[in-house]
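**Q** My structure is stored as coords.txt, with compact mmCIF, C-alpha atoms and all ligand atoms.
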```
# COMPACT_ATOMS: atom_id res chain seq x y z
CA MET A 1 -28.27 172.04 82.03
CA ARG A 2 -25.25 169.81 82.45
CA ALA A 3 -21.93 171.03 81.08
CA LYS A 4 -18.27 170.05 81.39
CA PHE A 5 -16.08 172.71 83.05
CA GLN A 6 -12.41 172.05 83.89
CA GLY A 7 -12.95 168.29 83.57
CA LYS A 8 -15.89 168.31 86.00
CA GLU A 9 -19.57 168.06 85.27
CA ILE A 10 -21.47 171.14 86.47
CA ASN A 11 -25.15 171.96 86.49
CA ILE A 12 -25.79 175.39 84.99
CA ARG A 13 -29.15 176.70 86.10
CA LYS A 14 -28.70 180.38 86.76
CA ILE A 15 -26.86 182.25 84.02
CA GLY A 16 -25.89 185.78 85.02
CA ILE A 17 -25.47 188.47 82.40
CA LEU A 18 -24.13 192.03 82.69
CA THR A 19 -23.30 194.91 80.38
CA GLY A 20 -20.25 197.10 81.06
CA GLY A 21 -18.75 200.28 79.65
CA GLY A 22 -20.48 202.74 77.33
CA ASP A 23 -23.81 201.44 76.07
CA CYS A 24 -24.51 200.84 72.40
CA ALA A 25 -26.97 199.23 70.03
CA GLY A 26 -27.10 195.44 70.16
CA HIS A 27 -26.74 194.74 73.89
CA ASN A 28 -30.41 193.84 74.19
CA ALA A 29 -30.19 191.69 71.08
CA VAL A 30 -27.37 189.59 72.58
CA ILE A 31 -29.39 189.11 75.76
CA TYR A 32 -32.42 188.10 73.70
CA GLY A 33 -30.37 185.76 71.50
CA LEU A 34 -29.21 183.90 74.59
CA LEU A 35 -32.61 183.94 76.29
CA ARG A 36 -34.27 182.44 73.22
CA ARG A 37 -31.95 179.42 73.38
CA ILE A 38 -32.42 179.06 77.14
CA ASN A 39 -36.20 179.06 76.72
CA GLN A 40 -35.98 176.58 73.88
CA ALA A 41 -33.74 174.23 75.91
CA ASN A 42 -35.99 174.53 78.98
CA ARG A 43 -38.85 172.92 77.07
CA THR A 44 -37.11 169.55 77.19
CA LEU A 45 -34.92 169.84 80.28
CA PRO A 46 -35.98 168.06 83.48
CA ASP A 47 -37.20 170.34 86.31
CA GLY A 48 -33.93 170.35 88.28
CA GLU A 49 -31.99 171.42 85.20
CA LYS A 50 -34.15 174.22 83.81
CA MET A 51 -32.28 177.49 83.39
CA GLU A 52 -32.87 181.14 84.19
CA LEU A 53 -31.22 184.24 82.76
CA ILE A 54 -30.45 186.74 85.50
CA GLY A 55 -29.59 190.33 84.57
CA LEU A 56 -27.05 191.87 86.94
CA LEU A 57 -27.91 195.55 86.98
CA GLY A 58 -25.34 198.23 86.23
CA GLY A 59 -22.41 196.16 85.01
CA TRP A 60 -19.67 195.03 87.40
CA LYS A 61 -21.04 197.51 89.93
CA ALA A 62 -23.84 195.04 90.72
CA LEU A 63 -21.27 192.65 92.13
CA THR A 64 -19.74 195.23 94.44
CA ARG A 65 -23.06 195.75 96.25
CA ASP A 66 -24.55 193.93 99.19
CA PRO A 67 -26.78 191.14 97.83
CA GLU A 68 -28.62 190.74 101.13
CA GLY A 69 -29.84 194.32 101.42
CA GLU A 70 -30.02 195.36 97.78
CA ARG A 71 -31.14 192.31 95.83
CA ASP A 72 -33.75 194.23 93.79
CA GLN A 73 -31.16 196.75 92.75
CA ILE A 74 -28.70 194.04 91.84
CA MET A 75 -30.57 191.49 89.82
CA VAL A 76 -33.63 190.82 87.71
CA LYS A 77 -34.89 187.60 86.16
CA LEU A 78 -35.20 188.22 82.43
CA SER A 79 -38.16 187.08 80.36
CA THR A 80 -39.16 187.18 76.72
CA ALA A 81 -41.58 190.00 77.51
CA ASP A 82 -38.59 192.15 78.58
CA LEU A 83 -36.83 191.61 75.29
CA LYS A 84 -39.32 190.91 72.54
CA ASP A 85 -39.37 194.59 71.55
CA SER A 86 -36.37 196.02 73.33
CA PHE A 87 -33.87 193.93 71.32
CA LYS A 88 -34.61 196.40 68.53
CA VAL A 89 -33.47 199.44 70.49
CA ALA A 90 -30.07 200.65 71.57
CA GLY A 91 -29.02 200.98 75.21
CA THR A 92 -29.17 198.17 77.70
CA ILE A 93 -32.21 197.11 79.67
CA ILE A 94 -29.90 195.87 82.45
CA LYS A 95 -27.99 199.19 82.74
CA SER A 96 -24.27 199.76 82.55
CA SER A 97 -21.37 201.33 84.42
CA ARG A 98 -17.64 201.77 83.97
CA THR A 99 -16.82 199.98 87.23
CA ASN A 100 -13.37 198.38 87.13
CA LEU A 101 -13.06 195.55 89.67
CA PHE A 102 -9.30 195.56 89.14
CA SER A 103 -8.63 199.28 89.63
CA LYS A 104 -6.07 200.07 92.34
CA GLU A 105 -8.81 201.33 94.62
CA ASN A 106 -11.04 198.28 94.05
CA LEU A 107 -8.15 195.86 94.48
CA GLU A 108 -7.48 197.45 97.87
CA LYS A 109 -11.14 196.91 98.72
CA LYS A 110 -10.84 193.29 97.54
CA ALA A 111 -13.56 193.90 94.94
CA PRO A 112 -12.73 190.81 92.82
CA GLU A 113 -13.09 188.54 95.88
CA LYS A 114 -16.30 190.27 96.85
CA ALA A 115 -17.67 189.95 93.31
CA MET A 116 -17.01 186.24 93.39
CA GLU A 117 -18.63 185.83 96.82
CA ASN A 118 -21.64 187.75 95.54
CA LEU A 119 -21.96 185.58 92.45
CA LYS A 120 -22.11 182.59 94.77
CA LYS A 121 -24.58 184.26 97.15
CA LEU A 122 -26.82 185.08 94.17
CA GLY A 123 -26.57 181.46 93.02
CA ILE A 124 -25.08 182.37 89.63
CA ASP A 125 -23.55 179.30 87.97
CA CYS A 126 -21.91 181.05 85.04
CA LEU A 127 -21.54 184.65 83.93
CA VAL A 128 -21.88 186.28 80.52
CA VAL A 129 -20.23 189.67 80.21
CA LEU A 130 -21.02 192.06 77.38
CA GLY A 131 -18.56 194.85 76.81
CA GLY A 132 -15.47 196.24 75.16
CA ASP A 133 -11.92 195.08 75.78
CA ASP A 134 -11.80 196.48 79.33
CA THR A 135 -14.99 194.75 80.46
CA LEU A 136 -14.14 191.49 78.69
CA GLY A 137 -10.60 191.57 80.03
CA ALA A 138 -11.94 191.84 83.58
CA ALA A 139 -14.18 188.81 82.91
CA GLY A 140 -11.17 186.81 81.72
CA LYS A 141 -9.14 187.74 84.81
CA LEU A 142 -11.94 187.05 87.27
CA GLY A 143 -12.76 183.71 85.66
CA GLN A 144 -9.13 182.66 85.74
CA GLN A 145 -8.44 183.85 89.28
CA PHE A 146 -11.44 182.03 90.76
CA THR A 147 -11.89 179.22 88.20
CA PHE A 148 -15.38 180.47 87.38
CA PRO A 149 -17.20 179.82 84.09
CA MET A 150 -17.25 183.04 82.06
CA PHE A 151 -18.36 184.08 78.60
CA GLY A 152 -18.42 187.40 76.82
CA ALA A 153 -19.48 189.25 73.69
CA PRO A 154 -17.61 192.14 72.03
CA LYS A 155 -19.52 195.40 71.91
CA THR A 156 -18.56 198.95 71.17
CA MET A 157 -19.52 201.66 68.77
CA ASP A 158 -15.76 202.26 68.38
CA ASN A 159 -15.25 198.89 66.58
CA ASP A 160 -11.75 198.62 68.02
CA VAL A 161 -11.79 195.14 69.61
CA TYR A 162 -9.71 192.29 68.18
CA GLY A 163 -11.16 188.80 67.76
CA THR A 164 -14.05 189.95 65.58
CA ASP A 165 -14.36 191.66 62.22
CA ARG A 166 -17.00 193.91 63.74
CA THR A 167 -18.29 194.71 67.20
CA TYR A 168 -22.01 195.20 67.68
CA GLY A 169 -22.98 198.83 68.14
CA PHE A 170 -20.68 200.03 65.39
CA ASP A 171 -23.04 199.87 62.42
CA SER A 172 -25.81 201.69 64.28
CA ALA A 173 -23.42 204.44 65.40
CA VAL A 174 -22.27 204.85 61.80
CA ALA A 175 -25.85 204.97 60.50
CA GLU A 176 -26.86 207.57 63.10
CA SER A 177 -23.76 209.67 62.31
CA VAL A 178 -24.52 209.48 58.60
CA HIS A 179 -28.00 210.83 59.29
CA PHE A 180 -26.48 213.66 61.35
CA ILE A 181 -23.90 214.53 58.68
CA GLU A 182 -26.49 214.51 55.91
CA ASN A 183 -28.64 216.95 57.88
CA ILE A 184 -25.64 219.19 58.38
CA ILE A 185 -24.79 219.11 54.68
CA THR A 186 -28.15 220.54 53.62
CA THR A 187 -27.90 223.47 56.03
CA SER A 188 -24.22 224.11 55.30
CA ARG A 189 -25.05 224.24 51.58
CA SER A 190 -27.94 226.68 52.11
CA HIS A 191 -25.74 229.11 54.04
CA ASN A 192 -22.42 228.61 52.24
CA ARG A 193 -20.84 227.62 55.52
CA CYS A 194 -18.15 225.28 56.72
CA PHE A 195 -19.22 222.88 59.46
CA VAL A 196 -16.92 220.95 61.73
CA VAL A 197 -18.65 217.80 63.01
CA GLU A 198 -17.07 215.80 65.81
CA VAL A 199 -17.89 212.09 66.27
CA MET A 200 -16.97 209.64 68.99
CA GLY A 201 -14.90 206.53 68.44
CA ARG A 202 -12.11 206.84 70.98
CA HIS A 203 -8.65 206.35 69.45
CA ALA A 204 -10.01 204.45 66.47
CA GLY A 205 -11.32 206.34 63.48
CA TRP A 206 -13.74 203.70 62.17
CA VAL A 207 -16.95 205.63 62.90
CA ALA A 208 -15.66 208.92 61.49
CA LEU A 209 -14.23 207.16 58.45
CA GLN A 210 -17.30 205.20 57.43
CA ALA A 211 -19.82 207.86 58.45
CA GLY A 212 -17.82 210.66 56.84
CA ILE A 213 -17.52 208.85 53.53
CA ALA A 214 -21.06 207.45 53.48
CA GLY A 215 -22.56 210.75 54.66
CA GLY A 216 -20.78 212.69 51.93
CA ALA A 217 -18.46 214.80 54.10
CA ASP A 218 -15.71 216.63 52.24
CA ILE A 219 -12.91 216.08 54.73
CA VAL A 220 -12.41 213.42 57.40
CA LEU A 221 -9.79 213.69 60.15
CA LEU A 222 -8.79 210.51 61.97
CA PRO A 223 -6.77 209.62 65.06
CA GLU A 224 -4.66 207.38 62.83
CA GLU A 225 -3.34 210.19 60.60
CA VAL A 226 -0.97 213.10 60.92
CA VAL A 227 -3.22 216.14 61.27
CA ASP A 228 -1.27 218.92 59.62
CA MET A 229 -3.48 221.99 59.98
CA ARG A 230 -1.87 223.69 56.97
CA ALA A 231 -3.09 220.84 54.77
CA VAL A 232 -6.51 220.85 56.44
CA ILE A 233 -6.87 224.58 55.76
CA LYS A 234 -5.98 224.05 52.09
CA ARG A 235 -8.63 221.34 51.79
CA VAL A 236 -11.28 223.53 53.41
CA GLU A 237 -10.42 226.43 51.10
CA MET A 238 -10.57 224.12 48.14
CA ALA A 239 -14.03 222.80 49.09
CA MET A 240 -15.31 226.33 49.71
CA GLN A 241 -13.95 227.50 46.39
CA ILE A 242 -15.42 224.62 44.41
CA GLN A 243 -18.81 224.19 46.08
CA LYS A 244 -19.19 227.13 48.48
CA TYR A 245 -19.73 224.89 51.50
CA CYS A 246 -17.73 222.30 53.35
CA VAL A 247 -18.37 219.59 55.92
CA LEU A 248 -15.41 218.33 57.88
CA VAL A 249 -15.85 215.30 60.12
CA VAL A 250 -13.33 214.89 62.92
CA SER A 251 -12.96 211.79 65.05
CA GLU A 252 -12.75 212.65 68.75
CA GLY A 253 -9.35 210.90 69.02
CA ALA A 254 -7.71 213.00 66.29
CA ARG A 255 -4.76 215.01 67.60
CA LEU A 256 -2.96 218.20 66.85
CA PHE A 257 0.21 216.93 68.47
CA ASP A 258 1.75 213.49 68.53
CA THR A 259 5.22 212.08 69.04
CA ARG A 260 4.70 210.14 65.80
CA TYR A 261 4.27 213.38 63.85
CA PRO A 262 7.19 215.03 62.11
CA ALA A 263 8.53 217.69 64.55
CA GLU A 264 7.85 220.32 61.96
CA VAL A 265 4.10 219.47 61.86
CA ASN A 266 3.85 219.58 65.65
CA ALA A 267 5.64 222.95 65.65
CA SER A 268 3.43 224.42 62.97
CA ASN A 269 0.22 223.24 64.72
CA GLN A 270 1.60 224.59 68.00
CA LYS A 271 2.24 228.00 66.52
CA MET A 272 -1.29 228.20 65.20
CA LEU A 273 -2.76 227.04 68.50
CA GLU A 274 -0.76 229.62 70.45
CA ALA A 275 -2.25 232.36 68.28
CA VAL A 276 -5.75 231.05 68.98
CA ILE A 277 -5.15 230.82 72.71
CA ALA A 278 -3.79 234.38 72.81
CA ASP A 279 -6.97 235.66 71.13
CA PRO A 280 -9.70 236.60 73.68
CA LYS A 281 -12.29 235.52 71.12
CA TYR A 282 -11.25 231.93 71.80
CA ALA A 283 -11.30 232.07 75.60
CA LEU A 284 -13.24 228.80 75.68
CA VAL A 285 -10.54 226.98 73.76
CA LYS A 286 -7.96 228.39 76.15
CA ALA A 287 -10.02 227.24 79.13
CA ARG A 288 -10.43 223.76 77.67
CA HIS A 289 -6.74 223.57 76.87
CA GLU A 290 -5.80 224.38 80.45
CA LEU A 291 -8.20 221.88 82.03
CA PRO A 292 -6.70 218.60 83.22
CA ARG A 293 -8.00 215.61 81.25
CA LYS A 294 -10.32 213.30 83.19
CA LYS A 295 -9.81 209.53 83.17
CA ASP A 296 -12.26 206.67 83.72
CA SER A 297 -11.66 203.81 86.18
CA PHE A 298 -9.76 201.88 83.50
CA GLY A 299 -7.40 204.81 82.98
CA ASN A 300 -8.92 205.77 79.62
CA GLU A 301 -8.73 209.47 78.92
CA GLN A 302 -12.10 211.17 78.49
CA LEU A 303 -12.02 212.40 74.92
CA GLY A 304 -14.08 215.05 73.16
CA GLY A 305 -13.38 218.64 72.24
CA ILE A 306 -10.99 218.33 69.30
CA GLY A 307 -13.73 219.77 67.09
CA GLU A 308 -13.51 223.03 69.00
CA TYR A 309 -9.77 223.27 68.35
CA ILE A 310 -10.17 222.52 64.65
CA PHE A 311 -13.03 225.01 64.39
CA SER A 312 -11.05 227.84 65.99
CA LEU A 313 -7.83 227.08 64.09
CA LEU A 314 -9.75 227.18 60.81
CA GLU A 315 -11.61 230.34 61.70
CA LYS A 316 -8.43 232.09 62.77
CA ASN A 317 -6.43 231.10 59.71
CA THR A 318 -8.88 231.59 56.84
CA LYS A 319 -10.72 234.61 55.52
CA GLY A 320 -14.33 235.05 54.44
CA ILE A 321 -15.55 231.65 55.59
CA GLN A 322 -18.36 231.26 58.12
CA TYR A 323 -17.85 228.31 60.45
CA ARG A 324 -20.15 226.33 62.72
CA LEU A 325 -19.32 223.53 65.11
CA GLN A 326 -21.46 220.48 65.90
CA ASN A 327 -20.80 217.48 68.10
CA CYS A 328 -22.80 214.29 67.48
CA GLY A 329 -22.06 213.31 71.06
CA HIS A 330 -23.74 210.32 72.66
CA ALA A 331 -26.80 210.51 70.41
CA ILE A 332 -25.15 208.30 67.78
CA ARG A 333 -24.94 205.34 70.14
CA GLY A 334 -28.59 205.67 71.20
CA GLY A 335 -31.97 205.33 69.54
CA ILE A 336 -32.72 202.26 67.52
CA ALA A 337 -30.50 199.27 66.94
CA HIS A 338 -30.03 199.11 63.19
CA VAL A 339 -30.65 195.80 61.44
CA SER A 340 -27.07 194.55 61.29
CA ASP A 341 -26.58 195.14 65.03
CA ARG A 342 -29.83 193.34 65.86
CA ILE A 343 -28.68 190.40 63.76
CA LEU A 344 -25.11 190.41 65.08
CA GLY A 345 -26.32 190.70 68.68
CA LEU A 346 -28.79 187.85 68.24
CA ARG A 347 -26.07 185.73 66.62
CA PHE A 348 -23.61 186.42 69.45
CA GLY A 349 -26.24 185.52 72.09
CA ASP A 350 -27.09 182.35 70.21
CA ALA A 351 -23.39 181.49 69.87
CA ILE A 352 -22.78 181.91 73.60
CA PHE A 353 -25.38 179.22 74.25
CA ASP A 354 -23.54 176.95 71.81
CA PHE A 355 -20.27 177.67 73.65
CA ILE A 356 -21.89 176.55 76.91
CA LEU A 357 -23.10 173.35 75.23
CA GLN A 358 -19.68 172.75 73.70
CA GLY A 359 -17.85 173.48 76.96
CA LYS A 360 -16.00 176.43 75.37
CA PHE A 361 -15.62 178.29 78.65
CA GLY A 362 -13.76 181.59 78.78
CA ALA A 363 -14.75 182.37 75.18
CA TYR A 364 -16.39 185.27 73.39
CA PRO A 365 -17.90 185.06 69.92
CA GLY A 366 -16.50 187.05 67.04
CA LEU A 367 -17.50 187.47 63.43
CA LYS A 368 -15.02 186.32 60.75
CA GLY A 369 -16.48 186.85 57.31
CA ASP A 370 -19.93 185.44 57.90
CA GLU A 371 -18.83 182.79 60.40
CA ILE A 372 -18.94 182.94 64.19
CA VAL A 373 -15.61 182.08 65.80
CA ALA A 374 -14.62 181.67 69.44
CA SER A 375 -11.96 183.96 70.89
CA ASP A 376 -10.34 183.74 74.32
CA LEU A 377 -11.34 186.28 77.00
CA LEU A 378 -7.81 186.09 78.38
CA GLU A 379 -6.44 187.34 75.09
CA VAL A 380 -8.98 190.07 74.37
CA LYS A 381 -7.35 193.24 73.09
CA GLY A 382 -8.56 196.68 72.08
CA GLY A 383 -6.69 199.16 69.92
CA LYS A 384 -7.76 197.84 66.52
CA PHE A 385 -7.11 200.98 64.51
CA VAL A 386 -7.69 201.94 60.89
CA PRO A 387 -4.60 200.86 58.96
CA ALA A 388 -3.11 203.39 56.55
CA THR A 389 -3.33 200.68 53.89
CA HIS A 390 -7.13 200.43 54.23
CA GLN A 391 -8.93 201.27 51.01
CA LEU A 392 -11.33 203.63 52.82
CA TYR A 393 -8.45 205.45 54.51
CA LYS A 394 -7.28 206.63 51.12
CA MET A 395 -10.81 207.61 50.15
CA ARG A 396 -11.55 209.71 53.22
CA ASN A 397 -11.26 213.22 51.75
CA ALA A 398 -13.95 213.54 49.10
CA VAL A 399 -12.70 217.04 48.28
CA GLU A 400 -9.65 215.48 46.65
CA PHE A 401 -11.84 213.62 44.18
CA TYR A 402 -13.48 216.55 42.45
O1 LIG B 501 -16.23 203.55 74.03
C1 LIG B 501 -17.47 204.01 73.60
C2 LIG B 501 -17.55 205.51 73.74
O2 LIG B 501 -18.78 205.95 73.21
C3 LIG B 501 -16.40 206.29 73.08
O3 LIG B 501 -16.59 206.44 71.70
C4 LIG B 501 -16.39 207.56 73.86
O4 LIG B 501 -15.12 208.17 73.90
C5 LIG B 501 -16.79 207.11 75.25
O5 LIG B 501 -17.48 205.89 75.09
C6 LIG B 501 -17.65 208.09 75.99
O6 LIG B 501 -17.76 207.64 77.28
P1 LIG B 501 -18.90 208.09 78.29
O7 LIG B 501 -20.16 207.42 77.86
O8 LIG B 501 -18.41 207.61 79.61
O9 LIG B 501 -19.00 209.58 78.20
```
Represent the structure from my file as structure tokens, please.
Ligand code: F6P

**A**
Amino acid sequence: MRAKFQGKEINIRKIGILTGGGDCAGHNAVIYGLLRRINQANRTLPDGEKMELIGLLGGWKALTRDPEGERDQIMVKLSTADLKDSFKVAGTIIKSSRTNLFSKENLEKKAPEKAMENLKKLGIDCLVVLGGDDTLGAAGKLGQQFTFPMFGAPKTMDNDVYGTDRTYGFDSAVAESVHFIENIITTSRSHNRCFVVEVMGRHAGWVALQAGIAGGADIVLLPEEVVDMRAVIKRVEMAMQIQKYCVLVVSEGARLFDTRYPAEVNASNQKMLEAVIADPKYALVKARHELPRKKDSFGNEQLGGIGEYIFSLLEKNTKGIQYRLQNCGHAIRGGIAHVSDRILGLRFGDAIFDFILQGKFGAYPGLKGDEIVASDLLEVKGGKFVPATHQLYKMRNAVEFY
């Protein structure tokens, strides 16, 4: 297909596509949305202009490999048969990795140059990158550095990417978390227990907020709020007193300490934590606390574990309450792709084809209201957090509404 790129006419025949970062529901739908349009266009295109969609396997990692020796491990030609059913499930049929072409180590190895050489060796005429802000940002940089036609689509269960009202993957993660929370509620009610349920979402509390409220949790703790354990304890005691059970949902990015917190809150949380750490019963918390935090290749801290702190702080500072801890873990981003993520993914894939037709290179689609808009890969930004002014933020602790 002929398209205008940087004032020149180019012939796009092989479209590469890759998925980077943590997987989520909707990746396969985006791929299918794009493939449908390619197939449709191919019906009327002359032979020399027919297009193929090539899946690059394992995210950016594919482009760091040797295309001569490892072609089968690097790429696969995608067909309708690959996607007709799989667009309905989570995960990615073309695999993913957290490879960062622009990490210090990869820059020393000249990974961006190698990636570009490999794209040429594989005959890829333009590249579509599906991922969060890190993956999309790398696409923007690579496209700019080597004047290569790039597109993207914003994924992530965390829902923290700017340029779209919603990322695909988010709704499914919320729905799966709601299911998890509802299951926990029935058992916590039967045993008059208090459950602490941790959910992923990185430093944005969107998943915990929506899932906690929709699932009927009593208390929701977010990365965006000041977590004052004294107040949390009071809420738990209140829920236990009123209904004899309590479900507290904590977002993995929630913190006990933060420079934004009043010093007095940090000090009070610290005092409570010290008491827990000194207690041999909580040796696991002590061990976790002393472990250095791991980081991924983009420098993002590996989160997870706050639930254990909250659990032990509650157990240590209340009387007569039985606690249990559960972590939803990765399960909430797997399984099926719920309807809204199938639809959003298909729409994004469809929109990318329109961007190619319209010569909107370097763009990624976003949802604004019910419209698809084009955002610039060079300006992609993460860190879209729950604002304190958000209606749901104020509704997060159901226990306060008895
Ligand atoms: O960014 C998506 C996400 O699921 C986060 O919510 C979570 O912190 C992270 O990925 C987990 O990463 P990994 O899959 O590498 O364990």

**Q** Choose the residue, out of A:Asp125, A:Gly20, A:Leu130, A:Ser172, that has the smallest atom-to-atom separation from A:Glu49; count all atoms listed in the file.

**A** A:Asp125

**Q** Got a sec: who's within 12 Å of A:Lys271, counting all atoms listed in the file, leaving out chain neighbours fewer than 3 positions off, as a list in words?

**A**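 After dropping sequence-adjacent residues, the list is Asp228, Met229, Arg230, Leu256, Phe257, Glu264, Val265, Asn266, Ala267, Ser268, Glu274, Ala275, Val276, Ile277, Ala278, Leu313 and Asn317 of chain A.
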
**Q** Please measure the separation of atom CA of A:Asp85 and atom CA of A:Gly334, giving the value in Å to one decimal.

**A**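 That distance, rounded to one decimal, is 15.5 Å.
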
**Q** Here's a test: counting only C-alpha atoms, identify every protein, DNA and RNA residue with an atom at most 10 Å from (-23.0, 191.1, 69.8) in the file's coordinate frame, and state them as a PyMOL selection string.

**A** chain A and resi 25-31+33+130-131+152-156+164+166-169+341-352+364-367

**Q** With all atoms listed in the file as the basis for distance, which of A:Cys24, A:Ile74, A:Ile242, A:Val128 is at the shortest distance from A:Phe355?

**A** A:Val128

**Q** Skip stretch 186-200 of chain A itself and residues of its chain fewer than 6 positions away, then list as a ChimeraX atom specification all residues within 8 Å of it, counting all atoms listed in the file.

**A** /A:158,177,207-208,236,240,244-253,304-307,310-311,321-330

**Q** Could you check the closest approach to ligand LIG 501 (chain B) for each of A:Leu378, A:Ala254, A:Val373, A:Leu63 and tell me which residue wins, using all atoms listed in the file?

**A**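 Using all atoms listed in the file, the shortest distance to ligand LIG 501 (chain B) belongs to A:Ala254.
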
**Q** One decimal, in Å: what's the spacing between atom CA of A:Gly55 and atom CA of A:Ala41?

**A**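 Atom CA of A:Ala41 lies at a distance of 18.7 Å from atom CA of A:Gly55.
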
**Q** Considering all atoms listed in the file, tabulate each residue of stretch 69-177 of chain A that lies at most 9 Å from stretch 384-394 of chain A along with its nearest interatomic pair and the corresponding distance in Å to one decimal; arrange the rows by chain and ascending residue number and present them as JSON lines.

**A**
```
{"residue": "A:Asn159", "atom": "CA", "partner": "A:Lys384", "partner_atom": "CA", "distance": 7.6}
{"residue": "A:Asp160", "atom": "CA", "partner": "A:Lys384", "partner_atom": "CA", "distance": 4.3}
{"residue": "A:Val161", "atom": "CA", "partner": "A:Lys384", "partner_atom": "CA", "distance": 5.8}
{"residue": "A:Tyr162", "atom": "CA", "partner": "A:Lys384", "partner_atom": "CA", "distance": 6.1}
```

**Q** Have a look at atom CA of A:Ile10 and atom CA of A:Asp376 and let me know their distance in Å, one decimal.

**A**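 Atom CA of A:Asp376 lies 20.7 Å from atom CA of A:Ile10.
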
**Q** I need the residue nearest ligand LIG 501 (chain B) from this list: A:Glu301, A:Glu379, A:Glu9, A:Glu224. Use all atoms listed in the file for the distance.

**A** A:Glu301

**Q** Which of these, A:Lys61, A:Arg202, A:Arg43, A:Lys84, has the shortest distance to A:Asn100 once you count all atoms listed in the file?

**A** A:Lys61

**Q** Point out the residue among A:Ala173, A:Leu273, A:Ala363, A:Leu222 with the least atom-to-atom distance to ligand LIG 501 (chain B), counting only C-alpha atoms and all ligand atoms.

**A**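 That would be A:Ala173, the residue with the smallest distance to ligand LIG 501 (chain B).
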
**Q** Can you pull out every residue within 10 Å of A:Gln6, counting only C-alpha atoms, but drop anything in the same chain fewer than 3 positions away, and send it as a list in words?

**A**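 Neighbouring residues, sequence-local ones excluded: Ala3, Glu9, Ile10, Thr147, Phe148, Pro149, Gly359 and Phe361 of chain A.
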